[in-house]
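Quick notes on the structure that follows.
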Amino acid sequence: MSSEPIRDPAKDYLLTPQNAALIIIDYQPTQVNSIKSMDHQTLVDHIVTVARTGVAYGLPIILSTVNVATGKNKPTVQPLLDVLGNIEVYDRTTINAWEDLEFRAAVEATRRKKLIMAALWTEACLTFPSLDAMRAGYEVYPVVDAVGGTSVAAHETALRRVEQAGAQLISIPQLLCELQRDWARNDTVPAFVSLLFKQTPAPQAA
């Protein structure tokens, strides 16, 4: 069996390591602790998996926080920082990250038009930059199992809003499979298997 000739990864309509960037917004203690749509530890575990995915596939990663420099908020949660290392952080005062000039310039500098996006809360810090980015010509892929809202209704309503505006909702297993795409891409298979099976429950014995 032979795979078809590899499509141009920069122009592929599916996500590839060469055409996508990962955006992570406001995974800070206050925001995590306010989430009511998902268990807090599960949320942190999932965003860490998303970050590890970005690192494993060599994606440009943009990390943003809100109100750290003003002293009103704490930095990104440590498990996420442990994965991202000494990445530059774009701190801001705006709820909508897209309204921060430095953040938007960082996204533009990646020269990637497909934005894999995760943010807290779904109804604000995910929704607003997603809507603005799409109006600016970007494709947005919210990672639905790594984001959360102040209630289940707020989370689900926000996802419907961005989807109706053109966002392409994606889960962690789908993200991994789309970036990997071919078992012949041997370099990333170990990371793929490790990250995927953290997300997929093992089958129960009969």
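By order in the structure tokens, chains are A, B, ...; within a chain, residues start at 1; ligands start at 1, following the order shown.
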Helix (DSSP H, G or I) per DSSP on the backbone: members of range 130-163 of chain A, as a PyMOL selection string: chain A and resi 130-135+144-146+152-163
When you look at Val48 in chain A with a cut-off of 12 Å (counting only C-alpha atoms), what residues show up, excluding the ones that are within fewer than 5 positions of it in the same chain? I need them as a ChimeraX atom specification. /A:24,27,41-43,53-55,76-84,118,145-147,172,195,198-199
I want to know what sits within 9 Å of range 155-165 of chain A, based on only C-alpha atoms, with residues of the same chain fewer than 6 positions away left out; could you give that as a CSV table (one decimal) with all heavy atoms, in the first residue's frame?
chain,number,residue,atom,x,y,z
A,36,LYS,N,-16.7,26.3,35.5
A,36,LYS,CA,-17.8,25.5,36.0
A,36,LYS,C,-18.2,24.4,35.0
A,36,LYS,O,-19.1,23.6,35.3
A,36,LYS,CB,-19.0,26.3,36.4
A,36,LYS,CG,-18.7,27.3,37.6
A,36,LYS,CD,-18.4,26.6,38.9
A,36,LYS,CE,-18.3,27.6,40.0
A,36,LYS,NZ,-17.2,28.5,40.0
A,37,SER,N,-17.7,24.4,33.8
A,37,SER,CA,-18.1,23.5,32.8
A,37,SER,C,-17.2,22.3,32.7
A,37,SER,O,-17.5,21.3,32.0
A,37,SER,CB,-18.1,24.2,31.4
A,37,SER,OG,-16.8,24.7,31.1
A,121,TRP,N,-12.1,32.5,29.6
A,121,TRP,CA,-13.3,31.7,29.4
A,121,TRP,C,-13.7,31.5,28.0
A,121,TRP,O,-13.4,32.3,27.1
A,121,TRP,CB,-14.4,32.3,30.2
A,121,TRP,CG,-14.2,32.6,31.6
A,121,TRP,CD1,-13.4,31.9,32.5
A,121,TRP,CD2,-14.8,33.7,32.3
A,121,TRP,NE1,-13.5,32.5,33.7
A,121,TRP,CE2,-14.3,33.6,33.6
A,121,TRP,CE3,-15.6,34.8,32.0
A,121,TRP,CZ2,-14.6,34.6,34.6
A,121,TRP,CZ3,-16.0,35.7,32.9
A,121,TRP,CH2,-15.5,35.6,34.2
A,122,THR,N,-14.4,30.4,27.7
A,122,THR,CA,-15.0,30.2,26.4
A,122,THR,C,-15.8,31.4,25.9
A,122,THR,O,-15.7,31.8,24.7
A,122,THR,CB,-15.8,28.9,26.3
A,122,THR,OG1,-15.2,27.9,27.1
A,122,THR,CG2,-16.1,28.5,24.9
A,123,GLU,N,-16.6,31.9,26.8
A,123,GLU,CA,-17.6,33.0,26.4
A,123,GLU,C,-17.0,34.4,26.2
A,123,GLU,O,-17.6,35.3,25.8
A,123,GLU,CB,-18.7,33.1,27.4
A,123,GLU,CG,-18.3,33.4,28.8
A,123,GLU,CD,-18.0,32.2,29.7
A,123,GLU,OE1,-17.5,31.2,29.2
A,123,GLU,OE2,-18.4,32.3,30.9
A,124,ALA,N,-15.7,34.5,26.5
A,124,ALA,CA,-15.1,35.8,26.4
A,124,ALA,C,-13.7,35.7,25.7
A,124,ALA,O,-13.6,36.1,24.6
A,124,ALA,CB,-14.9,36.5,27.8
A,126,LEU,N,-12.0,33.3,24.6
A,126,LEU,CA,-11.9,32.5,23.4
A,126,LEU,C,-12.8,33.1,22.3
A,126,LEU,O,-12.3,33.3,21.2
A,126,LEU,CB,-12.4,31.1,23.7
A,126,LEU,CG,-12.5,30.2,22.4
A,126,LEU,CD1,-11.1,29.8,21.9
A,126,LEU,CD2,-13.3,28.9,22.6
A,127,THR,N,-14.0,33.5,22.6
A,127,THR,CA,-14.9,34.0,21.6
A,127,THR,C,-14.4,35.2,20.9
A,127,THR,O,-14.4,35.3,19.7
A,127,THR,CB,-16.3,34.2,22.2
A,127,THR,OG1,-16.8,33.0,22.7
A,127,THR,CG2,-17.3,34.8,21.2
A,128,PHE,N,-14.0,36.2,21.7
A,128,PHE,CA,-13.8,37.5,21.1
A,128,PHE,C,-12.6,37.5,20.1
A,128,PHE,O,-12.7,38.0,19.0
A,128,PHE,CB,-13.5,38.6,22.2
A,128,PHE,CG,-14.7,38.7,23.1
A,128,PHE,CD1,-14.5,39.2,24.4
A,128,PHE,CD2,-16.0,38.4,22.8
A,128,PHE,CE1,-15.5,39.4,25.3
A,128,PHE,CE2,-17.0,38.5,23.7
A,128,PHE,CZ,-16.8,39.0,24.9
A,130,SER,N,-11.4,34.9,18.6
A,130,SER,CA,-11.8,34.0,17.5
A,130,SER,C,-12.6,34.8,16.4
A,130,SER,O,-12.3,34.7,15.2
A,130,SER,CB,-12.6,32.9,18.0
A,130,SER,OG,-11.9,32.0,18.8
A,131,LEU,N,-13.6,35.6,16.9
A,131,LEU,CA,-14.4,36.3,16.0
A,131,LEU,C,-13.6,37.4,15.2
A,131,LEU,O,-13.7,37.5,14.0
A,131,LEU,CB,-15.6,37.0,16.7
A,131,LEU,CG,-16.6,36.1,17.4
A,131,LEU,CD1,-17.6,36.9,18.2
A,131,LEU,CD2,-17.3,35.3,16.3
A,134,MET,N,-11.2,35.7,12.6
A,134,MET,CA,-11.9,35.2,11.4
A,134,MET,C,-12.2,36.4,10.5
A,134,MET,O,-12.1,36.3,9.3
A,134,MET,CB,-13.1,34.4,11.8
A,134,MET,CG,-12.8,33.0,12.3
A,134,MET,SD,-14.2,32.0,12.6
A,134,MET,CE,-14.9,32.7,14.1
A,140,VAL,N,-10.0,29.6,12.4
A,140,VAL,CA,-9.8,29.4,13.8
A,140,VAL,C,-10.4,28.0,14.2
A,140,VAL,O,-11.5,27.6,13.8
A,140,VAL,CB,-10.6,30.4,14.6
A,140,VAL,CG1,-10.5,30.1,16.1
A,140,VAL,CG2,-9.9,31.8,14.4
A,142,PRO,N,-11.0,26.1,17.6
A,142,PRO,CA,-11.1,26.0,19.1
A,142,PRO,C,-11.0,24.6,19.5
A,142,PRO,O,-11.7,23.7,19.0
A,142,PRO,CB,-12.5,26.6,19.4
A,142,PRO,CG,-12.9,27.4,18.2
A,142,PRO,CD,-12.3,26.7,17.0
A,144,VAL,N,-12.1,22.1,21.8
A,144,VAL,CA,-13.3,22.2,22.7
A,144,VAL,C,-13.1,21.5,24.1
A,144,VAL,O,-13.7,21.8,25.0
A,144,VAL,CB,-14.5,21.6,22.0
A,144,VAL,CG1,-14.9,22.4,20.8
A,144,VAL,CG2,-14.3,20.1,21.6
A,147,VAL,N,-11.0,23.9,26.8
A,147,VAL,CA,-11.5,25.2,27.1
A,147,VAL,C,-12.7,25.1,28.1
A,147,VAL,O,-13.3,24.0,28.1
A,147,VAL,CB,-11.9,26.1,25.9
A,147,VAL,CG1,-10.7,26.2,25.0
A,147,VAL,CG2,-13.0,25.4,25.1
A,148,GLY,N,-13.0,26.1,28.8
A,148,GLY,CA,-14.1,26.0,29.7
A,148,GLY,C,-14.8,27.4,30.0
A,148,GLY,O,-14.1,28.4,29.8
A,149,GLY,N,-16.0,27.4,30.5
A,149,GLY,CA,-16.7,28.6,30.8
A,149,GLY,C,-17.2,28.6,32.2
A,149,GLY,O,-17.0,27.7,33.0
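Selecting strand (DSSP E or B) from the backbone DSSP output for range 118-168 of chain A yields Ala118, Ala119, Leu120, Glu139, Val140, Tyr141, Pro142, Val143 and Gly148 of chain A.
Among A:Glu139, A:Asp45, A:Asp132, A:Asp91, the residue with the shortest atom-to-atom distance to Lys113 in chain A, counting only C-alpha atoms, is A:Glu139.
CA of Val89 in chain A to CA of Ile116 in chain A spans 17.2 Å [interatomic distance, one decimal].
Using only C-alpha atoms, the shortest contact distance between Ala191 in chain A and any of A:Thr93, A:Thr65, A:Gln168, A:Thr49 is found at A:Thr49.
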Selection near Val107 in chain A, 10 Å with only C-alpha atoms, sequence-local residues under 4 positions removed, as a short mmCIF file (atom, residue, chain, number, x, y, z; two decimals) with N, CA, C and O atoms, in the first residue's frame:
data_model
loop_
_atom_site.label_atom_id
_atom_site.label_comp_id
_atom_site.auth_asym_id
_atom_site.auth_seq_id
_atom_site.Cartn_x
_atom_site.Cartn_y
_atom_site.Cartn_z
N ALA A 21 -0.67 27.58 13.77
CA ALA A 21 -0.06 28.11 14.99
C ALA A 21 -0.98 27.81 16.16
O ALA A 21 -2.20 27.66 15.98
N LEU A 22 -0.40 27.72 17.33
CA LEU A 22 -1.17 27.42 18.55
C LEU A 22 -1.24 28.67 19.40
O LEU A 22 -0.22 29.27 19.74
N ILE A 23 -2.47 29.06 19.78
CA ILE A 23 -2.70 30.24 20.60
C ILE A 23 -3.26 29.79 21.94
O ILE A 23 -4.30 29.10 21.99
N PRO A 60 4.45 27.14 15.96
CA PRO A 60 4.64 28.41 16.66
C PRO A 60 3.57 28.51 17.76
O PRO A 60 2.40 28.20 17.51
N ILE A 61 3.98 28.92 18.96
CA ILE A 61 3.05 29.00 20.08
C ILE A 61 3.05 30.42 20.62
O ILE A 61 4.10 30.98 20.94
N ILE A 62 1.85 31.00 20.72
CA ILE A 62 1.67 32.34 21.29
C ILE A 62 0.96 32.17 22.62
O ILE A 62 -0.15 31.62 22.68
N TRP A 98 -7.20 40.06 20.89
CA TRP A 98 -6.98 40.61 19.55
C TRP A 98 -6.88 42.13 19.57
O TRP A 98 -6.33 42.73 18.65
N GLU A 102 0.51 44.08 20.67
CA GLU A 102 1.65 43.17 20.70
C GLU A 102 1.22 41.73 20.45
O GLU A 102 1.89 40.97 19.74
N PHE A 103 0.09 41.33 21.03
CA PHE A 103 -0.42 39.99 20.81
C PHE A 103 -0.74 39.79 19.33
O PHE A 103 -0.34 38.80 18.72
N ARG A 111 2.98 34.05 10.44
CA ARG A 111 2.66 33.88 9.01
C ARG A 111 1.84 32.61 8.78
O ARG A 111 1.88 32.01 7.70
N ARG A 112 1.10 32.19 9.81
CA ARG A 112 0.21 31.04 9.70
C ARG A 112 -1.23 31.54 9.71
O ARG A 112 -1.59 32.37 10.55
N LYS A 113 -2.07 31.01 8.84
CA LYS A 113 -3.46 31.45 8.74
C LYS A 113 -4.44 30.53 9.47
O LYS A 113 -5.62 30.82 9.58
N LEU A 115 -5.29 29.02 13.03
CA LEU A 115 -5.01 29.25 14.44
C LEU A 115 -5.75 28.23 15.30
O LEU A 115 -6.98 28.22 15.35
N ALA A 133 -10.29 37.33 14.69
CA ALA A 133 -9.31 36.67 13.81
C ALA A 133 -9.98 36.21 12.52
O ALA A 133 -9.41 36.36 11.43
#
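Minimum atom-to-atom distances from A:Arg181, A:His40, A:Arg104, A:Arg92 to Pro75 in chain A were compared using only C-alpha atoms, and the lowest value belongs to A:Arg92.
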